[in-house]
Amino acid sequence: MNRQVLIPTQSVTDISNNAWSLIKNMQLSRIQINPITNEMTTDNGGTVLLQINGASAERAEILNLKAKDIVRIEYLDQPGVRYQAAAVINYIVKQRELGGSLVANANQNIGKYGIGQYTLAGNYNWVKSQLGVVLDYNRSYVQWTRENEYTYALPEGEVKRQETGIPTLYNDQTVNASVKYTLSEPDKYLFSATFRNRFNTVPNQFSDRQGYATTSNSEQETFFRDLSTWKENAPSLDLYYQRNLKHSQLLIFNVVGTMIDSKNTHDYSESVEGTPFSTIHSAIDGTKRSLIAEAVYEKDFGEKGVLNARIRHNQSRTENEYSGNVTSNVNLDFAESYLFVDYTYRKNGFSVNAGTSGKSNAVIRSYETARGIARA
């Protein structure tokens with residue numbers, strides 16, 4: 001684990017609106033921010049874990065942080081296994097005793113089509129507590145045309161299919177809302193309870209396409225339409241506790257409970273001169289309930305390295321009901337326990353990691369299937 005402690009200069013802080021733009025202006029190695037989607041990744045597309053005083057944070061929470069309130073930034077470009085990320089950025093912020101802030105941020109393309117991002121975030125501090133509320137809305141509304149060519153190797157010879165698309169809409173809307181309570185004392189402990197809800201509706205999916213198709217073995221032109229929808233609602237409760245111990249030791253306990261309800265439809269049809277000859281319809285109504293609990297121990301030996309130990313348990317039940325041309329019910333019960341210990345040795349900018357892990361899981365599936373009548 002290669003930890004860099006960075007102190008923002010006054011000149012960089014002055015030109016930064018918030019903690020997010022601060023990272024842009026500091027130009028950290030391997031960190032990239034997409035100017036259109038505002039997504040932060042590593043240079044090879046890896047996930048960047050964001051933290052505030054050691055606890056995981058969302059992008060909207062980072063946007064709500066004032067640059068002048070940041071004491072330092074701890075940057076891990078080679079994090080340990082327990083982080084499950086390509087890089088970690090931990091904002092260490094000042095502990096306010098009283099007061100709050102409200103931040104609004106908007107990014108919208110000019111015109112009917114484009115990408116829009118809107119964020120409203122606020123927090124209030126008193127003594128050792130903080131209450132934060134975040135509302136984040138993202139919208140992609142784009143129209144495009146797809147051109148596809150397929151080649152099929154059949155026993156009687158090669159057949160080519162040429163698809164000439166017509167304008168097709170992609171419409172994806174997501175609302176992320178969260179309420180977070182934090183109780184902390186610097187360098188001693190941190191407790192947070194976060195309720196989150198993610199609502200995603202996609203009336204027109206990214207994969208949608210429609211147009212006219214011709215094949216090399218026929219002069220007939222076929223009109224095709226391939227359309228899908230998606231809707232998901234996912235509330236969750238996240239409880240996090242971090243305790244700093246003597247001699248550079250750290251304990252972390254985290255429990256996350258999530259409920260996911262989703263609906264998906266897919267319709268494919270082909271017709272010739274307005275007469276349909278192939279129609280496929282499917283729909284999935286799904287629910288998932290999960291509970292994830294983990295405990296982490298960390299010991300920093302300074303120049304000698306860092307010892308990490310982690311135990312994690314994941315329990316979930318998934319129920320999917322399929323309808324359409326084929327009807328079935330599929331249930332899945334899943335349980336997994338995971339334990340690992342690793343040690344990272346650092347010297348002169350280089351690091352070597354060694355560890356061991358063990359995993360136990362159980363999966364129980366149940367099926368009920370009844371084939372419907374295909375419409376043609």
# chains A, B, ... in the order shown; residues from 1 in each chain; ligands from 1
>>> closest_atom_pairs(of="region 246-286 of chain A", to="region 209-216 of chain A", cutoff="10 Å", atoms="only C-alpha atoms", output="CSV")
residue,atom,partner,partner_atom,distance
A:Tyr268,CA,A:Gln210,CA,9.5
A:Ser269,CA,A:Gln210,CA,9.6
A:Glu270,CA,A:Tyr212,CA,9.3
A:Ser271,CA,A:Tyr212,CA,9.6
A:Val272,CA,A:Tyr212,CA,9.7
>>> residues_around(residues="Val202 (chain A)", least_positions_apart="4", cutoff="6 Å", atoms="only C-alpha atoms", output="PDB file with C-alpha atoms, in the first residue's frame")
ATOM      1  CA  ASN A 171     -33.413   7.635 -22.320  1.00  0.00           C
ATOM      2  CA  ASP A 172     -31.840   6.869 -18.909  1.00  0.00           C
ATOM      3  CA  THR A 229     -37.024  -1.088 -20.753  1.00  0.00           C
ATOM      4  CA  TRP A 230     -35.576  -1.156 -17.247  1.00  0.00           C
TER       5      TRP A 230
END
>>> closest_residue(among="A:Ala234, A:Ala85, A:Leu102, A:Leu245", to="Asp300 (chain A)", atoms="only C-alpha atoms")
A:Leu245
>>> closest_residue(among="A:Gln51, A:Asn200, A:Ser56, A:Thr182", to="Ile92 (chain A)", atoms="only C-alpha atoms")
A:Gln51
>>> residues_around(residues="region 145-154 of chain A", least_positions_apart="6", cutoff="7 Å", atoms="only C-alpha atoms", output="compact mmCIF listing (two decimals) with N, CA and C atoms, in the first residue's frame")
# COMPACT_ATOMS: atom_id res chain seq x y z
N LYS A 160 -24.96 -13.00 -45.50
CA LYS A 160 -24.71 -11.70 -44.86
C LYS A 160 -26.02 -10.97 -44.63
N ARG A 161 -26.11 -10.31 -43.46
CA ARG A 161 -27.29 -9.51 -43.12
C ARG A 161 -26.83 -8.07 -42.89
N GLN A 162 -27.41 -7.16 -43.62
CA GLN A 162 -27.07 -5.75 -43.51
C GLN A 162 -28.24 -5.01 -42.89
N GLU A 163 -27.97 -4.30 -41.76
CA GLU A 163 -29.01 -3.55 -41.07
C GLU A 163 -28.75 -2.05 -41.23
N THR A 164 -29.75 -1.35 -41.76
CA THR A 164 -29.69 0.10 -41.91
C THR A 164 -30.64 0.71 -40.89
N GLY A 165 -30.08 1.37 -39.90
CA GLY A 165 -30.88 1.85 -38.78
C GLY A 165 -31.61 3.15 -39.07
N ILE A 166 -32.60 3.42 -38.24
CA ILE A 166 -33.29 4.71 -38.24
C ILE A 166 -33.11 5.31 -36.85
N PRO A 167 -33.28 6.63 -36.67
CA PRO A 167 -33.04 7.26 -35.37
C PRO A 167 -33.79 6.56 -34.23
N THR A 168 -33.05 6.24 -33.17
CA THR A 168 -33.59 5.52 -32.01
C THR A 168 -33.20 6.26 -30.74
N ARG A 209 -32.51 -0.66 -30.85
CA ARG A 209 -32.19 -0.42 -32.26
C ARG A 209 -33.43 -0.73 -33.10
>>> residues_around(residues="region 17-29 of chain A", least_positions_apart="6", cutoff="12 Å", atoms="only C-alpha atoms", output="PyMOL selection string")
chain A and resi 4-11+35+38-44+50-52+57-78+87-93+101-105
>>> closest_residue(among="A:Ser323, A:Asn329, A:Asn244, A:Thr13", to="Thr287 (chain A)", atoms="only C-alpha atoms")
A:Asn329
>>> residues_around(residues="Arg365 (chain A)", least_positions_apart="2", cutoff="9 Å", atoms="only C-alpha atoms", output="list in words")
Val330, Asn331, Leu332, Asp333, Phe334, Val363 and Tyr367 of chain A
>>> residues_around(residues="region 113-117 of chain A", least_positions_apart="4", cutoff="10 Å", atoms="only C-alpha atoms", output="number ranges by chain")
A: 36-38, 105-109, 136-143, 169-174
>>> select_by_dssp(residues="region 56-220 of chain A", states="alpha helix (DSSP H)", output="PyMOL selection string")
chain A and resi 59-63
>>> residues_around(residues="Val255 (chain A)", least_positions_apart="3", cutoff="6 Å", atoms="only C-alpha atoms", output="VMD selection string")
chain A and resid 238 to 239 292 to 293
>>> write_last_selection(atoms="N, CA and C atoms", output="PDB file, in the first residue's frame")
ATOM      1  N   ASP A 238     -26.686   1.700   5.657  1.00  0.00           N
ATOM      2  CA  ASP A 238     -25.254   1.444   5.817  1.00  0.00           C
ATOM      3  C   ASP A 238     -24.816   1.942   7.191  1.00  0.00           C
ATOM      4  N   LEU A 239     -24.347   1.017   8.044  1.00  0.00           N
ATOM      5  CA  LEU A 239     -23.836   1.362   9.373  1.00  0.00           C
ATOM      6  C   LEU A 239     -22.333   1.126   9.394  1.00  0.00           C
ATOM      7  N   ILE A 292     -24.726  -7.535   4.094  1.00  0.00           N
ATOM      8  CA  ILE A 292     -23.274  -7.698   4.047  1.00  0.00           C
ATOM      9  C   ILE A 292     -22.688  -7.138   5.337  1.00  0.00           C
ATOM     10  N   ALA A 293     -21.888  -7.949   6.019  1.00  0.00           N
ATOM     11  CA  ALA A 293     -21.246  -7.525   7.268  1.00  0.00           C
ATOM     12  C   ALA A 293     -19.757  -7.840   7.182  1.00  0.00           C
TER      13      ALA A 293
END
>>> select_by_dssp(residues="region 99-248 of chain A", states="strand (DSSP E or B)", output="MDAnalysis selection string")
chainID A and resid 99:108 114:126 129:144 147:154 157:165 168:185 189:204 209:215 222:245
